[in-house]
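Raw entry27.txt, compact mmCIF, C-alpha atoms:
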```
# COMPACT_ATOMS: atom_id res chain seq x y z
CA MET A 671 33.02 18.82 4.53
CA MET A 672 32.27 15.12 4.34
CA LYS A 673 28.64 15.80 3.40
CA LEU A 674 29.75 18.14 0.62
CA TRP A 675 32.15 15.53 -0.69
CA ARG A 676 29.42 12.82 -0.71
CA ARG A 677 27.00 15.16 -2.45
CA THR A 678 29.56 16.00 -5.12
CA ALA A 679 30.54 12.37 -5.61
CA GLY A 680 26.88 11.40 -5.95
CA ALA A 681 26.26 14.10 -8.55
CA ILE A 682 29.26 12.90 -10.57
CA LYS A 683 28.00 9.30 -10.44
CA ASP A 684 24.57 10.37 -11.65
CA ARG A 685 26.03 12.42 -14.49
CA ASN A 686 28.25 9.52 -15.62
CA SER A 687 25.34 7.08 -15.45
CA ILE A 688 23.17 9.36 -17.57
CA TRP A 689 25.96 9.76 -20.10
CA LEU A 690 26.39 5.98 -20.38
CA ALA A 691 22.64 5.49 -20.72
CA THR A 692 22.42 7.94 -23.63
CA LEU A 693 25.12 5.96 -25.46
CA SER A 694 23.24 2.66 -25.28
CA PRO A 695 21.41 1.50 -28.42
CA ARG A 696 17.62 1.45 -28.43
CA THR A 697 16.30 -2.12 -28.35
CA PRO A 698 13.15 -3.85 -27.03
CA TYR A 699 14.97 -4.02 -23.68
CA ARG A 700 16.79 -0.68 -23.71
CA HIS A 701 15.44 2.85 -24.01
CA PRO A 702 18.12 5.53 -23.45
CA ASP A 703 15.71 8.37 -22.68
CA LEU A 704 13.69 6.26 -20.25
CA GLU A 705 16.85 5.08 -18.51
CA ALA A 706 18.07 8.66 -18.18
CA ALA A 707 14.74 9.67 -16.64
CA ILE A 708 15.00 6.78 -14.16
CA ILE A 709 18.50 7.87 -13.12
CA ARG A 710 17.40 11.47 -12.63
CA ALA A 711 14.32 10.37 -10.64
CA THR A 712 16.53 8.23 -8.39
CA SER A 713 19.46 10.61 -8.01
CA HIS A 714 21.86 10.66 -5.05
CA ASP A 715 20.48 14.04 -3.98
CA GLY A 716 18.78 13.37 -0.64
CA ALA A 717 17.40 16.90 -0.40
CA LYS A 718 14.79 16.61 -3.15
CA ILE A 719 12.92 14.35 -5.55
CA ASP A 720 12.90 15.00 -9.29
CA TYR A 721 9.15 14.87 -9.84
CA THR A 722 9.43 15.95 -13.46
CA ASN A 723 11.38 12.86 -14.47
CA ALA A 724 9.25 10.63 -12.23
CA ARG A 725 6.24 11.88 -14.20
CA ARG A 726 8.02 11.14 -17.47
CA VAL A 727 8.54 7.52 -16.36
CA PHE A 728 4.83 7.18 -15.51
CA GLN A 729 3.82 8.68 -18.84
CA TRP A 730 5.97 6.17 -20.74
CA ILE A 731 4.40 3.26 -18.88
CA ARG A 732 0.91 4.58 -19.55
CA THR A 733 1.67 5.06 -23.25
CA SER A 734 2.46 1.43 -24.07
CA PRO A 735 3.32 -1.87 -22.33
CA VAL A 736 6.44 -2.11 -24.53
CA TYR A 737 8.15 0.27 -22.10
CA LEU A 738 7.77 -2.12 -19.18
CA LYS A 739 10.82 -4.20 -20.14
CA PRO A 740 13.12 -1.17 -20.49
CA LEU A 741 11.77 0.14 -17.19
CA ALA A 742 12.39 -3.17 -15.44
CA LEU A 743 15.92 -3.45 -16.85
CA GLY A 744 16.84 0.19 -16.22
CA LEU A 745 15.48 0.31 -12.67
CA SER A 746 16.82 -3.11 -11.67
CA SER A 747 20.28 -2.21 -12.96
CA ARG A 748 20.15 1.00 -10.94
CA MET A 749 18.92 -0.71 -7.76
CA GLU A 750 21.27 -3.71 -7.88
CA LYS A 751 24.34 -1.50 -8.23
CA THR A 752 23.55 1.16 -5.66
CA ARG A 753 24.86 1.22 -2.11
CA SER A 754 23.12 4.50 -1.32
CA TRP A 755 19.96 4.41 0.79
CA VAL A 756 18.83 7.61 -0.94
CA VAL A 757 18.92 5.99 -4.40
CA ALA A 758 17.34 2.78 -3.09
CA LEU A 759 14.48 4.61 -1.39
CA LYS A 760 13.80 6.79 -4.42
CA GLY A 761 13.75 3.66 -6.57
CA LEU A 762 11.14 2.07 -4.31
CA MET A 763 9.04 5.22 -4.37
CA LEU A 764 9.28 5.22 -8.16
CA ILE A 765 8.11 1.62 -8.57
CA HIS A 766 5.40 2.31 -5.99
CA GLY A 767 4.16 5.13 -8.19
CA VAL A 768 4.25 2.82 -11.22
CA PHE A 769 1.95 0.39 -9.37
CA CYS A 770 -0.50 3.23 -8.77
CA CYS A 771 -0.85 3.72 -12.51
CA GLN A 772 -2.85 0.45 -12.48
CA ILE A 773 -1.61 -0.64 -15.90
CA PRO A 774 -2.48 -4.28 -16.75
CA SER A 775 1.04 -5.10 -17.92
CA VAL A 776 2.45 -3.82 -14.61
CA GLN A 777 -0.09 -5.84 -12.64
CA ARG A 778 1.10 -9.01 -14.41
CA MET A 779 4.77 -8.30 -13.74
CA GLY A 780 5.17 -10.67 -10.79
CA ARG A 781 7.86 -10.06 -8.21
CA LEU A 782 10.02 -6.95 -8.44
CA PRO A 783 12.89 -7.17 -10.94
CA PHE A 784 15.49 -6.36 -8.27
CA ASP A 785 16.33 -7.50 -4.75
CA LEU A 786 16.88 -5.13 -1.83
CA SER A 787 16.15 -7.65 0.92
CA ALA A 788 19.73 -7.47 2.20
CA PHE A 789 20.40 -3.83 1.35
CA GLU A 790 23.11 -1.99 3.27
CA ASP A 791 24.25 1.57 2.71
CA ALA A 792 28.01 1.72 2.11
CA HIS A 793 28.48 5.50 2.07
CA SER A 794 28.19 6.19 5.80
CA ASN A 795 28.95 4.52 9.10
CA SER A 796 26.51 1.68 9.86
CA SER A 797 25.72 3.27 13.22
CA LYS A 798 24.19 6.18 11.30
CA THR A 799 22.47 4.25 8.50
CA TRP A 800 21.05 1.14 10.20
CA GLY A 801 17.61 2.76 10.42
CA TYR A 802 17.62 3.67 6.73
CA ASN A 803 18.74 0.15 5.83
CA ALA A 804 15.83 -1.31 7.81
CA PHE A 805 13.39 1.15 6.24
CA VAL A 806 14.51 0.24 2.70
CA ARG A 807 14.36 -3.49 3.41
CA SER A 808 10.87 -3.40 4.92
CA TYR A 809 9.54 -1.10 2.15
CA TYR A 810 11.04 -3.43 -0.45
CA ALA A 811 9.59 -6.54 1.25
CA TYR A 812 6.09 -5.06 1.12
CA LEU A 813 6.27 -3.89 -2.51
CA ASP A 814 7.79 -7.20 -3.63
CA GLN A 815 5.00 -9.20 -2.01
CA LYS A 816 2.37 -6.80 -3.32
CA SER A 817 3.70 -7.12 -6.85
CA SER A 818 3.54 -10.90 -6.60
CA LEU A 819 0.03 -10.83 -5.13
CA ILE A 820 -1.54 -8.48 -7.65
CA SER A 821 0.08 -10.50 -10.44
CA SER A 822 -1.51 -13.68 -9.12
CA GLU A 823 -4.88 -11.97 -8.76
CA ALA A 824 -4.65 -10.56 -12.30
CA LYS A 825 -3.97 -14.04 -13.71
CA ASN A 826 -6.93 -15.52 -11.84
CA ALA A 827 -9.20 -12.69 -12.99
CA LYS A 828 -8.14 -13.30 -16.60
CA LYS A 829 -9.40 -16.89 -16.36
CA GLY A 830 -12.88 -15.51 -15.66
CA LEU A 831 -13.67 -18.03 -12.93
CA LYS A 832 -15.90 -16.91 -10.07
CA PRO A 833 -13.96 -17.45 -6.85
CA LEU A 834 -15.46 -19.58 -4.10
CA LEU A 835 -16.37 -17.96 -0.80
CA LEU A 836 -13.53 -19.83 0.89
CA ASP A 837 -11.10 -18.42 -1.70
CA GLU A 838 -12.35 -14.90 -1.01
CA LEU A 839 -11.76 -15.38 2.72
CA ILE A 840 -8.23 -16.65 2.12
CA LYS A 841 -7.62 -13.64 -0.13
CA LEU A 842 -8.80 -11.34 2.66
CA GLN A 843 -6.43 -12.98 5.12
CA THR A 844 -3.61 -12.49 2.63
CA TRP A 845 -4.36 -8.77 2.34
CA GLN A 846 -4.53 -8.51 6.11
CA SER A 847 -1.04 -10.01 6.23
CA MET A 848 0.01 -7.43 3.64
CA LEU A 849 -1.31 -4.69 5.91
CA ASP A 850 0.77 -6.12 8.75
CA MET A 851 3.86 -5.90 6.53
CA LEU A 852 2.98 -2.36 5.53
CA LEU A 853 2.71 -1.23 9.13
CA GLN A 854 6.27 -2.44 9.72
CA VAL A 855 7.58 0.19 7.30
CA ARG A 856 8.39 3.03 9.67
CA PRO A 857 11.44 5.03 10.80
CA LEU A 858 13.26 3.32 13.66
CA ASP A 859 15.71 6.12 14.38
CA GLU A 860 14.85 9.62 15.59
CA ASP A 861 17.31 11.14 13.11
CA MET A 862 15.29 9.73 10.18
CA LYS A 863 12.15 11.75 10.80
CA GLY A 864 12.44 14.27 8.01
CA GLY A 865 13.38 14.86 4.39
CA LEU A 866 13.11 11.95 1.99
CA VAL A 867 11.76 9.55 4.61
CA LEU A 868 8.93 11.98 5.33
CA GLU A 869 8.03 11.99 1.63
CA ALA A 870 8.03 8.18 1.59
CA MET A 871 5.78 8.08 4.66
CA ASN A 872 3.26 10.30 2.87
CA ASN A 873 3.08 7.65 0.16
CA LEU A 874 2.74 4.87 2.70
CA ILE A 875 -0.22 6.52 4.41
CA PHE A 876 -2.07 6.52 1.11
CA GLU A 877 -1.13 2.88 0.55
CA ILE A 878 -2.42 1.91 3.99
CA PHE A 879 -5.84 3.39 3.27
CA ASP A 880 -5.90 1.77 -0.14
CA VAL A 881 -5.20 -1.69 1.32
CA TYR A 882 -7.54 -1.15 4.26
CA SER A 883 -10.37 -0.11 1.93
CA GLN A 884 -9.88 -3.32 -0.07
CA ILE A 885 -10.19 -5.31 3.13
CA CYS A 886 -13.32 -3.38 4.15
CA ASN A 887 -15.01 -3.92 0.82
CA GLY A 888 -14.04 -7.60 0.82
CA ILE A 889 -15.44 -8.16 4.31
CA ALA A 890 -18.74 -6.54 3.31
CA GLN A 891 -19.15 -8.93 0.37
CA VAL A 892 -18.09 -11.97 2.35
CA LEU A 893 -20.50 -11.26 5.22
CA LEU A 894 -23.40 -10.89 2.81
CA ASN A 895 -22.60 -14.30 1.34
CA ILE A 896 -22.17 -15.84 4.79
CA TYR A 897 -25.63 -14.72 5.85
CA GLU A 898 -27.23 -15.86 2.58
CA THR A 899 -25.75 -19.38 2.65
CA PRO A 900 -24.39 -20.10 6.13
CA ALA A 901 -21.62 -22.70 6.28
CA LYS A 902 -19.60 -23.40 9.40
CA PRO A 903 -16.07 -23.56 7.85
CA GLU A 904 -16.56 -20.31 5.95
CA ALA A 905 -18.24 -18.62 8.92
CA SER A 906 -15.42 -19.61 11.25
CA LEU A 907 -12.81 -18.25 8.87
CA ALA A 908 -14.86 -15.08 8.45
CA LEU A 909 -14.83 -14.61 12.21
CA GLN A 910 -11.02 -14.83 12.19
CA VAL A 911 -10.95 -12.12 9.54
CA VAL A 912 -13.30 -9.92 11.57
CA LYS A 913 -11.23 -10.33 14.74
CA LYS A 914 -8.04 -9.55 12.84
CA ALA A 915 -9.69 -6.41 11.48
CA ALA A 916 -10.47 -5.41 15.06
CA THR A 917 -6.78 -5.62 16.01
CA HIS A 918 -5.89 -3.63 12.91
CA VAL A 919 -7.93 -0.69 14.20
CA GLU A 920 -5.61 -0.48 17.21
CA ASP A 921 -2.49 -0.97 15.07
CA LEU A 922 -3.55 1.72 12.61
CA THR A 923 -4.37 4.17 15.37
CA GLN A 924 -0.89 3.77 16.86
CA TYR A 925 0.77 4.02 13.45
CA PHE A 926 -1.06 7.22 12.53
CA GLU A 927 -0.15 8.76 15.86
CA ILE A 928 3.54 8.08 15.19
CA CYS A 929 3.16 9.61 11.73
CA ARG A 930 1.45 12.71 13.09
CA GLU A 931 4.27 13.21 15.56
CA MET A 932 6.72 12.99 12.65
CA GLY A 933 4.81 15.64 10.72
CA VAL A 934 3.58 13.36 7.93
CA LEU A 935 1.05 15.54 6.14
CA ASN A 936 -1.16 12.69 4.91
CA ALA A 937 -1.39 11.38 8.49
CA SER A 938 -2.70 14.72 9.70
CA GLN A 939 -5.52 14.46 7.14
CA THR A 940 -6.50 10.85 7.89
CA LEU A 941 -9.96 9.79 8.90
CA LYS A 942 -10.95 8.82 12.43
CA LEU A 943 -10.81 5.11 13.23
CA GLU A 944 -13.48 3.69 15.51
CA LYS A 945 -13.07 0.54 17.56
CA ILE A 946 -15.04 -2.52 16.57
CA PRO A 947 -17.39 -3.30 19.49
CA GLU A 948 -16.87 -6.67 21.15
CA GLU A 949 -20.64 -7.08 21.21
CA ASP A 950 -20.76 -7.11 17.42
CA ILE A 951 -18.20 -9.91 17.29
CA LYS A 952 -20.26 -11.87 19.83
CA ASP A 953 -23.35 -11.44 17.68
CA LEU A 954 -21.48 -12.90 14.73
CA GLU A 955 -20.37 -15.82 16.91
CA LYS A 956 -24.00 -16.47 17.79
CA ILE A 957 -24.88 -16.69 14.10
CA ILE A 958 -21.98 -19.07 13.48
CA ASN A 959 -22.88 -21.49 16.30
CA GLY A 960 -26.56 -21.43 15.37
CA SER A 961 -27.88 -19.65 18.45
CA VAL A 962 -29.41 -16.91 16.27
CA ASN A 963 -31.64 -17.40 13.25
CA PHE A 964 -33.04 -14.92 10.76
CA ASN A 965 -36.55 -15.02 12.11
CA GLY A 966 -35.66 -12.62 14.91
CA LYS A 967 -35.20 -15.34 17.57
CA ASP A 968 -32.20 -15.78 19.82
CA ASN A 969 -31.98 -19.34 21.14
CA GLY A 970 -30.00 -17.98 24.07
CA GLY A 971 -32.87 -15.70 25.10
CA GLU A 972 -31.35 -12.27 24.26
CA MET A 973 -30.48 -10.32 21.17
CA ARG A 974 -28.62 -7.04 21.61
CA SER A 975 -28.52 -6.03 17.99
CA GLU A 976 -30.99 -4.97 15.37
CA LEU A 977 -30.83 -8.35 13.63
CA GLY A 978 -33.91 -9.59 15.41
CA ASN A 979 -35.96 -6.65 14.15
CA GLY A 980 -35.47 -7.23 10.44
CA SER A 981 -34.73 -9.68 7.68
CA LYS A 982 -31.61 -10.73 5.83
CA ARG A 983 -32.36 -7.98 3.37
CA GLY A 984 -32.20 -5.45 6.20
CA LEU A 985 -28.91 -6.91 7.36
CA LYS A 986 -27.52 -6.57 3.83
CA THR A 987 -28.44 -2.91 3.81
CA VAL A 988 -26.62 -2.28 7.09
CA ILE A 989 -23.45 -4.06 6.01
CA THR A 990 -23.41 -2.53 2.55
CA ASP A 991 -23.99 1.00 3.83
CA LYS A 992 -21.28 0.68 6.47
CA TRP A 993 -18.59 -0.91 4.34
CA GLU A 994 -18.90 -0.27 0.62
CA ARG A 995 -19.46 3.43 1.19
CA PHE A 996 -16.21 3.48 3.16
CA ASP A 997 -14.36 2.03 0.16
CA ALA A 998 -15.47 4.95 -1.99
CA ASP A 999 -14.94 7.70 0.57
CA CYS A 1000 -11.74 6.62 2.27
CA CYS A 1001 -9.37 6.81 -0.65
CA SER A 1002 -10.96 9.43 -2.85
CA SER A 1003 -8.77 12.04 -4.47
CA THR A 1004 -10.31 14.66 -2.19
CA THR A 1005 -8.68 13.11 0.88
CA LEU A 1006 -5.26 11.66 0.15
CA GLN A 1007 -2.90 11.95 -2.79
CA ALA A 1008 -1.29 8.88 -4.34
CA PRO A 1009 2.49 8.30 -4.32
CA PHE A 1010 4.18 10.87 -6.57
CA ALA A 1011 0.61 11.79 -7.64
CA SER A 1012 1.61 9.12 -10.11
CA CYS A 1013 -1.21 8.88 -12.60
CA SER A 1014 -3.99 10.77 -10.93
CA SER A 1015 -3.02 14.40 -11.25
CA SER A 1016 -1.59 16.86 -13.70
CA HIS A 1017 0.74 18.18 -11.02
CA LEU A 1018 3.04 16.44 -8.58
CA SER A 1019 1.97 17.67 -5.18
CA LEU A 1020 2.17 14.71 -2.85
CA VAL A 1021 -0.96 15.51 -0.90
CA SER A 1022 -4.15 17.47 -1.25
CA LYS A 1023 -6.17 18.50 1.78
CA PRO A 1024 -9.57 16.88 2.28
CA VAL A 1025 -12.77 18.80 1.89
CA HIS A 1026 -14.15 17.13 5.00
CA LYS A 1027 -13.39 14.48 7.58
CA GLN A 1028 -15.60 11.54 8.44
CA ASP A 1029 -15.50 8.57 10.77
CA LEU A 1030 -14.55 5.13 9.53
CA PRO A 1031 -17.40 2.68 10.11
CA ASP A 1032 -17.52 -0.12 12.63
CA LEU A 1033 -16.73 -3.52 11.16
CA ILE A 1034 -20.23 -4.77 11.77
CA THR A 1035 -23.22 -2.90 13.13
CA PHE A 1036 -26.32 -5.01 13.41
```
What is this structure when it is put down as structure tokens?
Amino acid sequence: MMKLWRRTAGAIKDRNSIWLATLSPRTPYRHPDLEAAIIRATSHDGAKIDYTNARRVFQWIRTSPVYLKPLALGLSSRMEKTRSWVVALKGLMLIHGVFCCQIPSVQRMGRLPFDLSAFEDAHSNSSKTWGYNAFVRSYYAYLDQKSSLISSEAKNAKKGLKPLLLDELIKLQTWQSMLDMLLQVRPLDEDMKGGLVLEAMNNLIFEIFDVYSQICNGIAQVLLNIYETPAKPEASLALQVVKKAATHVEDLTQYFEICREMGVLNASQTLKLEKIPEEDIKDLEKIINGSVNFNGKDNGGEMRSELGNGSKRGLKTVITDKWERFDADCCSSTTLQAPFASCSSSHLSLVSKPVHKQDLPDLITF
């Protein structure tokens, strides 16, 4: 009875909000039709997502950057007022889908236009909603930091300055921290493993592979530069990045296993993660401390890897083949589907099954 009452009350709230939105005048900051679509896409109905109106929001954003301000105002107003975890989670999924449209004006937006860092559901007992509250907060924290980061990167790219190697390494560490935040977004309560949370987890799996592929591609480029112009500070920082990537393999494996147990469809289609051999990290340490040169000689007397059998050009080929190919294959449309299939598909199926599976490469294979 209580569930029926909450469902009815939520439907009435949504209907009233849509009615008020249609009465508002159209200005550079207000767009009644867009606001109505936002409300419908973030309804109180926890049993389904209105993909049709989510698609309408994405289409408006793709049409012109003038719709970004009405979107920011409409969505922030909706998020700041709500005390429903269902509405809050749908709002986060919606803005996540907007990010996937990769529109320049969105990438320059900066931090999210609303704050859910202290969100608490007020429609149910806290003993039943604490897990949802935590899920919303952690999802928000990641998206807020991502929005700020991509905005900063877009501004730097606009300046046209070539980043220094040290800057690239710091950027990689930042994205590795982002991956850590992303892996914290997970259901903490057994009762959460279904419905809307399951849909959100499908989106998060895609996001994880997107971020991880950026890290992979970045490491490939950084290592090539390290071997071309060795410098101890940059090499030491690069080793930290490599070691962190090694721990991420374990973290990702555990995360995907949890997702598979939940029944997250994207997790069941993920690629196999291989451990980064400790020997490869030791080889990199030898290069950093000068015990290995590029003439095939190991000052310590031994060389396990293939580095001694080739030149720097050969090493480039190995790194490039192992890493940049991963960036293309890992997140292709044939493997995982973006959140809401936001701007990449004519339909709104959340996932599409892969044509094939393949192993993820080792971090470094000499």
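Closest approach to Gln910 (chain A) among A:Leu839, A:Asp859, A:Ala758, A:Thr923: A:Leu839, based on only C-alpha atoms.
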>> Rounded to one decimal, what separation in Å do you get between CA of Ser938 (chain A) and CA of Cys771 (chain A)?
In response: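 Going from CA of Ser938 (chain A) over to CA of Cys771 (chain A), I get 24.9 Å.
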> So what do you get for CA of Gln729 (chain A) versus CA of Thr712 (chain A), distance-wise?
Replying inline: 16.5 Å
>> Around the point (7.2, -3.2, -5.3) (coordinates from the file), which residues reach within 10 Å if we count only C-alpha atoms? Answer as a ChimeraX atom specification.
In response: /A:761-769,780-784,809-818
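Ranking A:Lys683, A:Arg725, A:Arg732, A:Lys914 by their shortest atom-to-atom distance to Leu842 (chain A), with all atoms listed in the file included, puts A:Lys914 first.
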> Quick one, how far is CA of Trp755 (chain A) from CA of Met848 (chain A)?
Replying inline: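 Here the two named atoms are 23.4 Å from each other.
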> In file coordinates, which residues lie within 10 Å of (-6.2, -0.1, 12.0) using only C-alpha atoms, given as a ChimeraX atom specification?
Replying inline: /A:849-850,853,878-879,882,914-926,943-945
>> I want to know what sits within 9 Å of Pro774 (chain A), based on all atoms listed in the file, with residues of the same chain fewer than 5 positions away left out; could you give that as a ChimeraX atom specification?
In response: /A:735,779,824
> region 726-728 of chain A: which residues within 10 Å, counting only C-alpha atoms, same-chain residues fewer than 5 positions away excluded, as a PyMOL selection string?
Replying inline: chain A and resi 703-708+711+721+733+737+741+764-765+767-771+1010+1012-1013
With 4 Å of padding per side, what axis-aligned box (centre and edge lengths, Å, one decimal) covers all the listed atoms of region 913-918 of chain A? Give it as AutoDock Vina command-line options.
```
--center_x -8.6 --center_y -7.0 --center_z 13.7 --size_x 13.3 --size_y 14.7 --size_z 12.5
```
Excluding region 828-836 of chain A and its own-chain neighbours fewer than 5 positions away, which residues fall within 9 Å of it when counting all atoms listed in the file? Please give them as a PDB file with C-alpha atoms, in the frame of the given file.
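Result saved to around-v5.pdb:
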```pdb
ATOM      1  CA  GLU A 823      -4.880 -11.970  -8.760  1.00  0.00           C
ATOM      2  CA  LYS A 841      -7.620 -13.640  -0.130  1.00  0.00           C
ATOM      3  CA  VAL A 892     -18.090 -11.970   2.350  1.00  0.00           C
ATOM      4  CA  ASN A 895     -22.600 -14.300   1.340  1.00  0.00           C
ATOM      5  CA  ILE A 896     -22.170 -15.840   4.790  1.00  0.00           C
ATOM      6  CA  PRO A 903     -16.070 -23.560   7.850  1.00  0.00           C
ATOM      7  CA  GLU A 904     -16.560 -20.310   5.950  1.00  0.00           C
ATOM      8  CA  LEU A 907     -12.810 -18.250   8.870  1.00  0.00           C
TER       9      LEU A 907
END
```
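Nearest residue to Leu743 (chain A), choosing from A:Arg696, A:His701, A:Arg807, A:Lys798 and counting all atoms listed in the file: A:His701.
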